[in-house]
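S.K.: Provided below: model-v3.cif, containing mmCIF, C-alpha atoms.
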```cif
data_coords
loop_
_atom_site.label_atom_id
_atom_site.label_comp_id
_atom_site.auth_asym_id
_atom_site.auth_seq_id
_atom_site.Cartn_x
_atom_site.Cartn_y
_atom_site.Cartn_z
CA MET T 97 -24.30 -48.74 -62.23
CA PRO T 98 -25.93 -52.20 -61.88
CA HIS T 99 -25.19 -54.04 -58.67
CA GLN T 100 -22.11 -56.24 -59.01
CA PRO T 101 -21.91 -59.75 -57.53
CA LYS T 102 -20.95 -59.34 -53.89
CA THR T 103 -17.31 -59.77 -52.93
CA GLU T 104 -16.84 -62.17 -50.03
CA LEU T 105 -15.22 -60.23 -47.19
CA LYS T 106 -14.92 -63.09 -44.71
CA GLY T 107 -11.27 -64.00 -44.18
CA LYS T 108 -10.02 -60.81 -45.86
CA ARG T 109 -7.54 -58.52 -44.12
CA LEU T 110 -8.81 -55.06 -43.16
CA LEU T 111 -6.82 -52.14 -41.78
CA VAL T 112 -8.78 -49.40 -39.99
CA VAL T 113 -6.72 -46.19 -39.90
CA GLY T 114 -7.86 -43.79 -37.19
CA ALA T 115 -9.47 -46.64 -35.29
CA GLY T 116 -9.38 -44.79 -31.98
CA GLY T 117 -11.87 -42.13 -33.10
CA PHE T 118 -15.62 -42.11 -32.53
CA ILE T 119 -16.43 -44.09 -35.67
CA GLY T 120 -13.30 -46.27 -35.67
CA GLY T 121 -14.40 -48.65 -32.92
CA PHE T 122 -17.66 -49.35 -34.72
CA ILE T 123 -15.80 -50.06 -37.98
CA ALA T 124 -13.39 -52.48 -36.30
CA ALA T 125 -16.19 -54.30 -34.47
CA GLU T 126 -18.22 -54.69 -37.66
CA GLY T 127 -15.22 -56.04 -39.56
CA VAL T 128 -14.62 -58.68 -36.87
CA LYS T 129 -18.34 -59.51 -36.89
CA ARG T 130 -18.11 -60.17 -40.63
CA GLY T 131 -15.23 -62.59 -40.14
CA MET T 132 -12.48 -60.32 -41.39
CA ASN T 133 -8.98 -60.20 -39.96
CA VAL T 134 -9.00 -56.65 -38.62
CA THR T 135 -6.03 -54.50 -37.66
CA ALA T 136 -6.61 -51.21 -35.85
CA ALA T 137 -4.04 -48.52 -36.68
CA VAL T 138 -3.61 -46.25 -33.66
CA ARG T 139 -1.11 -43.84 -32.18
CA GLU T 140 0.89 -44.92 -29.14
CA SER T 141 -1.19 -42.52 -27.02
CA THR T 142 -4.59 -43.53 -28.45
CA SER T 143 -7.17 -44.81 -26.00
CA ARG T 144 -8.28 -48.36 -26.78
CA ARG T 145 -11.36 -48.11 -24.60
CA TYR T 146 -13.76 -48.91 -27.44
CA LEU T 147 -11.42 -51.21 -29.38
CA THR T 148 -12.40 -54.40 -27.59
CA ALA T 149 -13.58 -56.68 -30.42
CA PRO T 150 -12.18 -60.20 -29.98
CA GLY T 151 -9.17 -61.03 -32.13
CA LEU T 152 -8.49 -57.40 -33.01
CA GLU T 153 -4.83 -56.72 -33.88
CA PHE T 154 -3.07 -53.38 -33.48
CA LEU T 155 -0.61 -51.41 -35.57
CA VAL T 156 1.01 -48.40 -33.90
CA LEU T 157 1.74 -45.55 -36.32
CA ASP T 158 3.43 -42.19 -35.72
CA TYR T 159 2.06 -40.03 -38.53
CA ASP T 160 4.70 -37.37 -37.93
CA ASP T 161 7.54 -39.90 -38.42
CA PRO T 162 7.47 -41.37 -41.96
CA GLN T 163 10.50 -43.58 -41.32
CA SER T 164 8.92 -45.36 -38.38
CA MET T 165 5.66 -45.65 -40.37
CA ARG T 166 7.51 -47.23 -43.27
CA GLN T 167 9.00 -49.83 -40.95
CA ALA T 168 5.65 -50.54 -39.24
CA ILE T 169 3.76 -50.89 -42.52
CA GLY T 170 6.52 -52.80 -44.30
CA SER T 171 6.82 -55.37 -41.53
CA SER T 172 3.07 -56.14 -41.65
CA GLU T 173 1.29 -58.51 -43.99
CA PRO T 174 -0.50 -56.53 -46.74
CA TRP T 175 -4.18 -55.72 -46.28
CA ASP T 176 -6.93 -56.46 -48.79
CA TYR T 177 -8.90 -53.37 -47.78
CA ILE T 178 -8.19 -50.18 -45.88
CA ILE T 179 -10.77 -47.87 -44.31
CA TYR T 180 -9.08 -44.53 -43.69
CA ASN T 181 -10.97 -42.82 -40.88
CA LEU T 182 -8.17 -40.58 -39.59
CA GLY T 183 -8.89 -36.86 -39.46
CA ALA T 184 -9.32 -33.72 -37.39
CA THR T 185 -12.61 -31.81 -37.20
CA LYS T 186 -11.27 -28.98 -35.02
CA CYS T 187 -7.74 -27.59 -34.58
CA ALA T 188 -6.19 -24.86 -32.46
CA ASN T 189 -4.02 -23.95 -35.46
CA TYR T 190 -5.76 -23.93 -38.85
CA LEU T 191 -2.58 -25.19 -40.54
CA ASP T 192 -3.12 -28.46 -38.66
CA PHE T 193 -6.16 -29.20 -40.82
CA LYS T 194 -3.91 -29.49 -43.88
CA ARG T 195 -1.25 -31.44 -41.98
CA ILE T 196 -3.63 -33.97 -40.42
CA ASN T 197 -6.37 -34.30 -43.06
CA PHE T 198 -4.23 -34.10 -46.19
CA GLU T 199 -0.51 -34.55 -45.54
CA TYR T 200 -0.94 -37.60 -43.30
CA LEU T 201 -3.03 -39.29 -46.02
CA ARG T 202 -0.52 -38.40 -48.71
CA THR T 203 2.38 -39.82 -46.68
CA PHE T 204 0.44 -42.94 -45.76
CA THR T 205 -0.55 -43.77 -49.36
CA GLN T 206 2.97 -43.10 -50.63
CA LEU T 207 4.32 -45.56 -48.06
CA LEU T 208 1.74 -48.15 -49.10
CA LYS T 209 3.11 -48.00 -52.64
CA GLU T 210 6.76 -47.95 -51.57
CA THR T 211 6.29 -51.06 -49.41
CA ASP T 212 4.11 -52.97 -51.93
CA HIS T 213 1.10 -52.75 -49.60
CA VAL T 214 -1.42 -51.32 -52.06
CA PRO T 215 -4.88 -52.68 -51.11
CA GLN T 216 -7.65 -53.75 -53.45
CA ARG T 217 -9.50 -50.62 -52.35
CA LEU T 218 -9.05 -47.79 -49.88
CA LEU T 219 -12.25 -46.27 -48.49
CA TYR T 220 -11.66 -42.67 -47.41
CA MET T 221 -13.88 -40.85 -44.94
CA SER T 222 -14.31 -37.32 -46.23
CA SER T 223 -17.18 -35.02 -45.29
CA LEU T 224 -20.22 -33.28 -46.74
CA SER T 225 -18.36 -30.08 -45.82
CA ALA T 226 -16.03 -30.80 -48.74
CA LEU T 227 -18.79 -29.52 -51.05
CA GLY T 228 -19.30 -26.18 -49.34
CA LYS T 229 -22.52 -24.17 -49.30
CA GLY T 230 -25.42 -25.33 -51.41
CA ASP T 231 -28.68 -23.72 -52.51
CA GLU T 232 -29.96 -21.70 -49.55
CA LYS T 233 -32.99 -20.29 -51.39
CA GLY T 234 -34.69 -23.31 -52.91
CA TYR T 235 -32.90 -25.83 -50.66
CA THR T 236 -31.88 -28.12 -53.52
CA PRO T 237 -30.13 -31.14 -51.94
CA LEU T 238 -26.34 -31.27 -52.05
CA GLY T 239 -25.57 -33.73 -54.80
CA PRO T 240 -22.77 -35.45 -56.76
CA SER T 241 -22.96 -32.97 -59.64
CA MET T 242 -22.01 -30.02 -57.42
CA ILE T 243 -18.64 -28.43 -58.04
CA PRO T 244 -16.92 -28.43 -54.61
CA ASP T 245 -16.37 -24.97 -53.18
CA PRO T 246 -15.69 -25.44 -49.45
CA ASP T 247 -15.63 -22.27 -47.37
CA THR T 248 -14.06 -23.79 -44.24
CA ARG T 249 -10.46 -24.82 -43.56
CA TYR T 250 -11.81 -28.23 -42.57
CA GLY T 251 -13.69 -28.66 -45.85
CA GLN T 252 -10.72 -27.40 -47.88
CA SER T 253 -8.41 -29.95 -46.27
CA LYS T 254 -10.90 -32.71 -47.07
CA ILE T 255 -11.19 -31.72 -50.73
CA MET T 256 -7.38 -31.66 -50.98
CA ALA T 257 -7.32 -35.24 -49.71
CA GLU T 258 -10.06 -36.24 -52.17
CA GLN T 259 -8.17 -34.72 -55.09
CA TRP T 260 -4.99 -36.50 -54.05
CA LEU T 261 -6.80 -39.85 -54.16
CA GLU T 262 -8.59 -39.02 -57.38
CA HIS T 263 -5.75 -37.59 -59.45
CA MET T 264 -2.34 -38.36 -57.90
CA CYS T 265 -2.43 -41.37 -55.64
CA GLY T 266 -2.85 -44.32 -58.00
CA ILE T 267 -4.64 -46.49 -55.42
CA PRO T 268 -8.23 -47.71 -56.09
CA TYR T 269 -10.46 -45.66 -53.81
CA ILE T 270 -13.99 -45.09 -52.57
CA ILE T 271 -14.76 -41.68 -51.05
CA PHE T 272 -17.58 -41.22 -48.55
CA ARG T 273 -18.95 -37.75 -47.85
CA PRO T 274 -21.13 -38.30 -44.79
CA THR T 275 -23.33 -35.66 -43.23
CA GLY T 276 -23.37 -35.23 -39.44
CA VAL T 277 -22.58 -38.59 -37.82
CA TYR T 278 -24.03 -39.28 -34.37
CA GLY T 279 -24.42 -42.13 -31.92
CA PRO T 280 -22.96 -43.40 -28.65
CA HIS T 281 -19.62 -41.80 -27.66
CA GLU T 282 -19.89 -38.92 -30.16
CA GLN T 283 -19.30 -35.61 -28.38
CA ASP T 284 -20.68 -32.69 -30.44
CA TYR T 285 -24.27 -33.95 -30.63
CA LEU T 286 -23.95 -35.10 -27.03
CA MET T 287 -23.42 -31.44 -26.09
CA MET T 288 -26.72 -30.57 -27.80
CA ILE T 289 -28.51 -33.40 -25.96
CA ARG T 290 -27.08 -32.19 -22.64
CA SER T 291 -28.23 -28.66 -23.38
CA ILE T 292 -31.78 -29.83 -24.13
CA ASP T 293 -31.67 -32.00 -21.01
CA ASN T 294 -30.95 -28.75 -19.15
CA HIS T 295 -34.03 -27.15 -20.82
CA PHE T 296 -32.25 -24.98 -23.41
CA ASP T 297 -31.81 -25.43 -27.17
CA PHE T 298 -29.49 -22.91 -28.82
CA GLY T 299 -29.95 -22.23 -32.53
CA VAL T 300 -27.97 -20.02 -34.91
CA GLY T 301 -29.70 -17.46 -37.11
CA PHE T 302 -33.35 -16.88 -37.87
CA LYS T 303 -33.65 -18.40 -41.36
CA THR T 304 -34.82 -22.01 -41.63
CA GLN T 305 -31.98 -24.51 -41.43
CA MET T 306 -32.44 -28.02 -42.84
CA LEU T 307 -30.30 -30.61 -41.07
CA THR T 308 -29.37 -34.13 -42.07
CA PHE T 309 -27.95 -36.94 -39.97
CA ILE T 310 -26.54 -40.45 -40.29
CA TYR T 311 -26.49 -42.88 -37.38
CA VAL T 312 -23.06 -44.45 -36.91
CA ASP T 313 -24.30 -48.03 -37.45
CA ASP T 314 -25.83 -47.09 -40.81
CA LEU T 315 -22.65 -45.33 -41.92
CA VAL T 316 -20.52 -48.35 -41.01
CA GLU T 317 -22.95 -50.72 -42.72
CA ALA T 318 -22.64 -48.59 -45.87
CA MET T 319 -18.83 -48.89 -45.77
CA PHE T 320 -18.95 -52.67 -45.91
CA GLN T 321 -21.73 -52.63 -48.51
CA ALA T 322 -19.49 -50.49 -50.71
CA LEU T 323 -16.49 -52.80 -50.23
CA GLU T 324 -18.64 -55.85 -51.00
CA SER T 325 -20.12 -54.27 -54.11
CA GLY T 326 -16.86 -53.90 -56.02
CA VAL T 327 -17.37 -50.18 -56.76
CA GLU T 328 -14.21 -48.13 -57.00
CA ASN T 329 -12.98 -44.67 -57.90
CA LYS T 330 -16.30 -43.02 -57.01
CA LYS T 331 -17.55 -40.54 -54.41
CA TYR T 332 -20.74 -41.01 -52.40
CA ILE T 333 -22.84 -38.75 -50.18
CA ILE T 334 -24.02 -40.68 -47.12
CA SER T 335 -27.03 -39.47 -45.13
CA GLU T 336 -30.42 -40.46 -43.85
CA LYS T 337 -32.76 -39.61 -46.71
CA LYS T 338 -34.91 -37.20 -44.68
CA ALA T 339 -33.93 -33.68 -43.58
CA TYR T 340 -35.08 -32.11 -40.31
CA THR T 341 -35.59 -28.62 -38.94
CA GLN T 342 -34.00 -27.56 -35.66
CA LYS T 343 -37.44 -27.74 -34.03
CA GLU T 344 -37.97 -31.32 -35.19
CA PHE T 345 -34.57 -32.30 -33.79
CA ARG T 346 -35.32 -30.53 -30.50
CA ASP T 347 -38.75 -32.15 -30.17
CA ILE T 348 -37.36 -35.64 -30.78
CA VAL T 349 -34.58 -35.22 -28.23
CA SER T 350 -36.99 -33.72 -25.70
CA GLN T 351 -39.44 -36.60 -26.08
CA GLU T 352 -36.70 -39.22 -25.74
CA LEU T 353 -35.51 -37.46 -22.58
CA GLY T 354 -38.95 -38.01 -21.10
CA GLY T 355 -40.83 -34.95 -22.30
CA LYS T 356 -38.45 -32.27 -21.07
CA TRP T 357 -39.71 -28.69 -21.41
CA VAL T 358 -37.25 -26.75 -23.54
CA ILE T 359 -36.70 -23.04 -24.16
CA PRO T 360 -35.52 -22.47 -27.76
CA VAL T 361 -32.94 -19.67 -27.91
CA LYS T 362 -32.20 -18.18 -31.33
CA LEU T 363 -28.87 -16.38 -31.43
CA PRO T 364 -28.11 -13.80 -34.15
CA MET T 365 -25.24 -14.63 -36.46
CA TRP T 366 -23.08 -11.73 -35.30
CA MET T 367 -23.30 -12.84 -31.69
CA VAL T 368 -22.29 -16.41 -32.53
CA TRP T 369 -19.40 -15.14 -34.67
CA VAL T 370 -18.08 -13.05 -31.75
CA ALA T 371 -18.43 -16.00 -29.36
CA SER T 372 -16.67 -18.24 -31.89
CA ALA T 373 -13.77 -15.82 -32.31
CA VAL T 374 -13.32 -15.45 -28.54
CA ALA T 375 -13.52 -19.21 -27.93
CA GLU T 376 -10.99 -19.77 -30.71
CA LYS T 377 -8.53 -17.29 -29.16
CA ILE T 378 -8.89 -18.96 -25.77
CA GLY T 379 -8.29 -22.36 -27.40
CA LYS T 380 -5.09 -21.11 -29.05
CA TRP T 381 -3.90 -19.64 -25.75
CA ARG T 382 -4.51 -22.99 -24.04
CA LEU T 383 -3.05 -24.89 -27.04
CA LYS T 384 -6.28 -26.88 -27.12
CA PRO T 385 -8.82 -26.81 -29.99
CA SER T 386 -12.15 -25.26 -29.09
CA THR T 387 -15.43 -26.89 -30.16
CA LEU T 388 -16.67 -23.39 -31.00
CA ASN T 389 -14.44 -21.54 -33.48
CA ARG T 390 -14.73 -19.44 -36.63
CA ASP T 391 -14.41 -22.46 -38.89
CA LYS T 392 -17.22 -24.25 -37.04
CA PHE T 393 -19.25 -21.03 -37.19
CA LYS T 394 -19.39 -21.28 -40.99
CA ILE T 395 -20.68 -24.84 -40.68
CA MET T 396 -23.35 -23.75 -38.19
CA LYS T 397 -24.23 -20.81 -40.43
CA GLN T 398 -24.93 -23.04 -43.43
CA ARG T 399 -28.70 -23.34 -43.91
CA ASN T 400 -29.03 -26.25 -46.32
CA TRP T 401 -27.68 -29.68 -45.40
CA LYS T 402 -30.15 -31.67 -47.50
CA ALA T 403 -28.36 -34.55 -49.23
CA ASP T 404 -28.92 -36.57 -52.41
CA VAL T 405 -27.83 -40.19 -51.78
CA THR T 406 -29.11 -41.61 -55.09
CA ASP T 407 -25.69 -42.84 -56.27
CA ALA T 408 -25.11 -44.84 -53.08
CA VAL T 409 -28.59 -46.35 -53.32
CA ASN T 410 -28.10 -47.34 -56.96
CA ASP T 411 -24.49 -48.55 -56.75
CA PHE T 412 -24.48 -50.64 -53.57
CA GLY T 413 -28.00 -50.64 -52.18
CA PHE T 414 -27.51 -48.04 -49.47
CA ASP T 415 -30.61 -48.07 -47.27
CA PRO T 416 -30.18 -46.52 -43.80
CA LYS T 417 -32.36 -48.34 -41.28
CA THR T 418 -32.11 -45.91 -38.35
CA ASP T 419 -34.18 -42.76 -38.55
CA LEU T 420 -33.39 -39.83 -36.29
CA ARG T 421 -35.93 -40.79 -33.64
CA GLU T 422 -34.57 -44.31 -33.23
CA GLY T 423 -30.97 -43.08 -33.36
CA ILE T 424 -31.63 -40.45 -30.71
CA ARG T 425 -33.38 -43.07 -28.57
CA ARG T 426 -30.24 -45.23 -28.62
CA THR T 427 -27.93 -42.26 -28.07
CA VAL T 428 -29.97 -40.96 -25.13
CA ALA T 429 -29.95 -44.45 -23.58
CA GLU T 430 -26.12 -44.43 -23.67
CA TYR T 431 -26.09 -40.86 -22.36
CA ARG T 432 -28.18 -41.87 -19.38
CA LYS T 433 -26.07 -44.96 -18.73
CA ALA T 434 -22.90 -42.84 -18.69
CA ARG T 435 -24.44 -40.48 -16.12
CA ARG T 436 -25.06 -43.24 -13.59
#
```
If you convert what's in this file into structure tokens, what do you get?

M.R.:
Amino acid sequence: MPHQPKTELKGKRLLVVGAGGFIGGFIAAEGVKRGMNVTAAVRESTSRRYLTAPGLEFLVLDYDDPQSMRQAIGSSEPWDYIIYNLGATKCANYLDFKRINFEYLRTFTQLLKETDHVPQRLLYMSSLSALGKGDEKGYTPLGPSMIPDPDTRYGQSKIMAEQWLEHMCGIPYIIFRPTGVYGPHEQDYLMMIRSIDNHFDFGVGFKTQMLTFIYVDDLVEAMFQALESGVENKKYIISEKKAYTQKEFRDIVSQELGGKWVIPVKLPMWMVWVASAVAEKIGKWRLKPSTLNRDKFKIMKQRNWKADVTDAVNDFGFDPKTDLREGIRRTVAEYRKARR
């Protein structure tokens, strides 16, 4: 697709759904920076710690109460664009993946239509996990021609949401399938950095695993590039173009931590599965989702996370500026600042 003339975003109204999450604060801040009138959709209980951009407005939504949502949406001025960043990556009850990642989106889009609040485009944050396992022999990159076959509850809930937008919703959409997103305030990669800071790097399995990453600033930049470009009703894989081994990741983090010596620990798959099952049971008992669980185990088990971003490059000029070393440098700087 040839590049379209850029749409002027300045002065347009943007709603960020799921603004209280890791990525949401960066989206809201970038929208304000670009001169948009930004509204952050949050729950009543959502922390607004990172939602401090000047002029930011708030819309409180209770996703389990469609009637109150209808009133909140209907009493607001319509938005030109919506970035839907709401979702759960871990749940104590697997049924919550479907409820949060699919049913909330379905209800929200239905209410947009019922209240005449359909935007010009809705950008939905899906996941590379929606595609499922790729080629783990030749390590062919995950690409747009793959037929999705997710093997996790998380990935299945994301593909359900994608199919709703694509076939049932009737709202112009853009779907992003990002790989692992990292940066300041993100918790899962922060755990890995802390572990390496404590001289241990835990890996899963003995077969080579190729990892891909996208720094949060580059992901957010891509969102606004896509909105500016005029593309619609397409899906895009979003990732830094290079893939890394676990050793390369470990070495970069170690160097940015000041040359820490690190002991790499390779855990067999069966051991990690047992630990995941136990941690999941404890999480259910505590009614609190565990970072380590059987669904996450399947994601850790996957060997090939290489990603083909050609469509995003061709359609809206996607060009991530932050390689893993620079992104880790910034993330480690925030990590150290938080420890003071």

S.K.: Nearest to Leu224 of chain T: which of T:Leu105, T:Leu238, T:Ile169, T:Val316 is it, counting only C-alpha atoms?

M.R.: T:Leu238

S.K.: Which residue out of T:Asp314, T:Val214, T:Ala188, T:Tyr269 has the minimum interatomic distance to Ile378 of chain T when only C-alpha atoms are used?

M.R.: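 Ranking T:Asp314, T:Val214, T:Ala188, T:Tyr269 by distance to Ile378 of chain T, first place goes to T:Ala188.
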
S.K.: Do you know which residues the PyMOL selection byres ((chain T and resi 281) around 12) returns on this file, as a PyMOL selection string?

M.R.: chain T and resi 116-122+145-146+277-280+282-287+311-312+426-434

S.K.: What would the list of residues within 12 Å of (-25.1, -43.5, -58.0) (file frame) look like as a ChimeraX atom specification, if only C-alpha atoms are what count?

M.R.: /T:97-99,239-241,322,327-328,330-334,404-414

S.K.: Given the selection you just returned, output its residues as a file containing C-alpha atoms, formatted as an mmCIF file, keeping the file's coordinate frame.

M.R.:
```
data_model
loop_
_atom_site.group_PDB
_atom_site.id
_atom_site.type_symbol
_atom_site.label_atom_id
_atom_site.label_comp_id
_atom_site.auth_asym_id
_atom_site.auth_seq_id
_atom_site.Cartn_x
_atom_site.Cartn_y
_atom_site.Cartn_z
ATOM 1 C CA MET T 97 -24.300 -48.740 -62.230
ATOM 2 C CA PRO T 98 -25.930 -52.200 -61.880
ATOM 3 C CA HIS T 99 -25.190 -54.040 -58.670
ATOM 4 C CA GLY T 239 -25.570 -33.730 -54.800
ATOM 5 C CA PRO T 240 -22.770 -35.450 -56.760
ATOM 6 C CA SER T 241 -22.960 -32.970 -59.640
ATOM 7 C CA ALA T 322 -19.490 -50.490 -50.710
ATOM 8 C CA VAL T 327 -17.370 -50.180 -56.760
ATOM 9 C CA GLU T 328 -14.210 -48.130 -57.000
ATOM 10 C CA LYS T 330 -16.300 -43.020 -57.010
ATOM 11 C CA LYS T 331 -17.550 -40.540 -54.410
ATOM 12 C CA TYR T 332 -20.740 -41.010 -52.400
ATOM 13 C CA ILE T 333 -22.840 -38.750 -50.180
ATOM 14 C CA ILE T 334 -24.020 -40.680 -47.120
ATOM 15 C CA ASP T 404 -28.920 -36.570 -52.410
ATOM 16 C CA VAL T 405 -27.830 -40.190 -51.780
ATOM 17 C CA THR T 406 -29.110 -41.610 -55.090
ATOM 18 C CA ASP T 407 -25.690 -42.840 -56.270
ATOM 19 C CA ALA T 408 -25.110 -44.840 -53.080
ATOM 20 C CA VAL T 409 -28.590 -46.350 -53.320
ATOM 21 C CA ASN T 410 -28.100 -47.340 -56.960
ATOM 22 C CA ASP T 411 -24.490 -48.550 -56.750
ATOM 23 C CA PHE T 412 -24.480 -50.640 -53.570
ATOM 24 C CA GLY T 413 -28.000 -50.640 -52.180
ATOM 25 C CA PHE T 414 -27.510 -48.040 -49.470
#
```

S.K.: Do you have the atom CA of Arg217 of chain T-atom CA of Phe309 of chain T distance handy?

M.R.: 26.1 Å

S.K.: Residues within 9 Å of Gly151 of chain T, please, as a PyMOL selection string. Count all atoms listed in the file; anything in the same chain fewer than 4 positions from it doesn't count.

M.R.: chain T and resi 128+133-134

S.K.: Between atom CA of Ala257 of chain T and atom CA of Ala137 of chain T, what distance in Å does the model show, to one decimal?

M.R.: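 Taking atom CA of Ala257 of chain T and atom CA of Ala137 of chain T, their separation equals 18.9 Å.
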
S.K.: Spell out the residues picked by the PyMOL selection byres ((chain T and resi 349) around 9) here, as a PDB file with C-alpha atoms, in the coordinates of the input.

M.R.:
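Output (result-v4.pdb):
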```pdb
ATOM      1  CA  ILE T 289     -28.510 -33.400 -25.960  1.00  0.00           C
ATOM      2  CA  ILE T 292     -31.780 -29.830 -24.130  1.00  0.00           C
ATOM      3  CA  ASP T 293     -31.670 -32.000 -21.010  1.00  0.00           C
ATOM      4  CA  GLU T 344     -37.970 -31.320 -35.190  1.00  0.00           C
ATOM      5  CA  PHE T 345     -34.570 -32.300 -33.790  1.00  0.00           C
ATOM      6  CA  ARG T 346     -35.320 -30.530 -30.500  1.00  0.00           C
ATOM      7  CA  ASP T 347     -38.750 -32.150 -30.170  1.00  0.00           C
ATOM      8  CA  ILE T 348     -37.360 -35.640 -30.780  1.00  0.00           C
ATOM      9  CA  SER T 350     -36.990 -33.720 -25.700  1.00  0.00           C
ATOM     10  CA  GLN T 351     -39.440 -36.600 -26.080  1.00  0.00           C
ATOM     11  CA  GLU T 352     -36.700 -39.220 -25.740  1.00  0.00           C
ATOM     12  CA  LEU T 353     -35.510 -37.460 -22.580  1.00  0.00           C
ATOM     13  CA  GLY T 354     -38.950 -38.010 -21.100  1.00  0.00           C
ATOM     14  CA  GLY T 355     -40.830 -34.950 -22.300  1.00  0.00           C
ATOM     15  CA  LYS T 356     -38.450 -32.270 -21.070  1.00  0.00           C
ATOM     16  CA  ARG T 421     -35.930 -40.790 -33.640  1.00  0.00           C
ATOM     17  CA  ILE T 424     -31.630 -40.450 -30.710  1.00  0.00           C
ATOM     18  CA  ARG T 425     -33.380 -43.070 -28.570  1.00  0.00           C
ATOM     19  CA  VAL T 428     -29.970 -40.960 -25.130  1.00  0.00           C
TER      20      VAL T 428
END
```

S.K.: For the provided coordinates, the residues matched by the PyMOL selection byres ((chain T and resi 261) around 12) should be stated as JSON, numbers by chain.

M.R.: {"T": [180, 198, 199, 201, 202, 203, 204, 205, 206, 217, 218, 219, 220, 221, 222, 254, 255, 256, 257, 258, 259, 260, 262, 263, 264, 265, 266, 267, 268, 269, 270, 271, 328, 329, 330, 331]}

S.K.: Taking every listed atom of segment 110-128 of chain T and adding 8 Å to each side, what centre and edge lengths in Å (one decimal) does the axis-aligned box have, as JSON?

M.R.:
```
{"center_x": -12.5, "center_y": -50.4, "center_z": -37.6, "size_x": 27.5, "size_y": 32.6, "size_z": 27.2}
```

S.K.: Using all atoms listed in the file, which protein or nucleic acid residues come within 12 Å of Thr103 of chain T? Drop anything in the same chain fewer than 3 positions from it, and give the result as a PyMOL selection string.

M.R.: chain T and resi 99-100+106-108+176-177+216+320-327+412

S.K.: Excluding Leu363 of chain T and any residue of its chain fewer than 4 positions from it, enumerate the residues within 7 Å of it, using all atoms listed in the file, and give them as a list in words.

M.R.: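 Here the answer would be Gly299, Val300, Gly301, Met367 and Val368 of chain T.
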
S.K.: Quick one: residues within 10 Å of Arg249 of chain T, only C-alpha atoms, excluding same-chain residues fewer than 3 positions away - as a list in words?

M.R.: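 Near neighbours after the sequence-gap exclusion: Thr185, Lys186, Cys187, Tyr190, Leu191, Asp192, Phe193, Lys194, Ser225, Ala226, Pro246, Gln252, Ser253, Lys254, Ile255, Arg390, Asp391, Lys392 and Lys394 of chain T.
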
S.K.: Work out how far atom CA of Trp401 of chain T is from atom CA of Lys343 of chain T, in Å to one decimal.

M.R.: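 Interatomic distance here is 15.1 Å.
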
S.K.: Looking at T:Arg290, T:Lys402, T:Leu110, T:Tyr200, which one is nearest to Arg435 of chain T, with distances taken over only C-alpha atoms?

M.R.: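 Among T:Arg290, T:Lys402, T:Leu110, T:Tyr200, it is T:Arg290 that comes nearest to Arg435 of chain T.
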
S.K.: Glu376 of chain T: which residues within 9 Å, counting all atoms listed in the file, same-chain residues fewer than 6 positions away excluded, as a list of chain:residue names?

M.R.: T:Ala188, T:Pro385, T:Ser386, T:Thr387, T:Leu388, T:Asn389, T:Arg390

S.K.: Restricting the calculation to all atoms listed in the file: of T:Met288, T:Met365, T:Met306, T:Met319, which residue gets closest to Gly234 of chain T?

M.R.: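 Under the stated criterion, the closest residue is T:Met306.
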
S.K.: Using only C-alpha atoms, which of the listed residues (T:Gly423, T:Gly379, T:Gly276, T:Gly170) sits closest to Met396 of chain T?

M.R.: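 Checking each candidate against Met396 of chain T, we get T:Gly276 as the closest.
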
S.K.: Rank nothing, just name the residue among T:Leu315, T:Ala149, T:Leu307, T:Ile359 nearest to Asn294 of chain T, using only C-alpha atoms.

M.R.: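 Smallest distance to Asn294 of chain T is found for T:Ile359.
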
S.K.: Would you mind putting N, CA and C atoms back on segment 359-367 of chain T and writing the result as a PDB file, keeping the file's coordinate frame?

M.R.:
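After the write, selection-v3.pdb holds the following:
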```pdb
ATOM      1  N   ILE T 359     -36.619 -24.415 -23.687  1.00  0.00           N
ATOM      2  CA  ILE T 359     -36.700 -23.040 -24.160  1.00  0.00           C
ATOM      3  C   ILE T 359     -35.798 -22.897 -25.385  1.00  0.00           C
ATOM      4  N   PRO T 360     -36.373 -22.683 -26.576  1.00  0.00           N
ATOM      5  CA  PRO T 360     -35.520 -22.470 -27.760  1.00  0.00           C
ATOM      6  C   PRO T 360     -34.938 -21.059 -27.742  1.00  0.00           C
ATOM      7  N   VAL T 361     -33.630 -20.966 -27.917  1.00  0.00           N
ATOM      8  CA  VAL T 361     -32.940 -19.670 -27.910  1.00  0.00           C
ATOM      9  C   VAL T 361     -32.290 -19.478 -29.281  1.00  0.00           C
ATOM     10  N   LYS T 362     -32.768 -18.485 -30.016  1.00  0.00           N
ATOM     11  CA  LYS T 362     -32.200 -18.180 -31.330  1.00  0.00           C
ATOM     12  C   LYS T 362     -31.166 -17.062 -31.184  1.00  0.00           C
ATOM     13  N   LEU T 363     -29.948 -17.349 -31.537  1.00  0.00           N
ATOM     14  CA  LEU T 363     -28.870 -16.380 -31.430  1.00  0.00           C
ATOM     15  C   LEU T 363     -28.582 -15.748 -32.790  1.00  0.00           C
ATOM     16  N   PRO T 364     -28.448 -14.428 -32.863  1.00  0.00           N
ATOM     17  CA  PRO T 364     -28.110 -13.800 -34.150  1.00  0.00           C
ATOM     18  C   PRO T 364     -26.712 -14.200 -34.590  1.00  0.00           C
ATOM     19  N   MET T 365     -26.511 -14.179 -35.898  1.00  0.00           N
ATOM     20  CA  MET T 365     -25.240 -14.630 -36.460  1.00  0.00           C
ATOM     21  C   MET T 365     -24.052 -13.854 -35.892  1.00  0.00           C
ATOM     22  N   TRP T 366     -24.207 -12.536 -35.758  1.00  0.00           N
ATOM     23  CA  TRP T 366     -23.080 -11.730 -35.300  1.00  0.00           C
ATOM     24  C   TRP T 366     -22.642 -12.132 -33.899  1.00  0.00           C
ATOM     25  N   MET T 367     -23.619 -12.472 -33.056  1.00  0.00           N
ATOM     26  CA  MET T 367     -23.300 -12.840 -31.690  1.00  0.00           C
ATOM     27  C   MET T 367     -22.532 -14.163 -31.647  1.00  0.00           C
TER      28      MET T 367
END
```
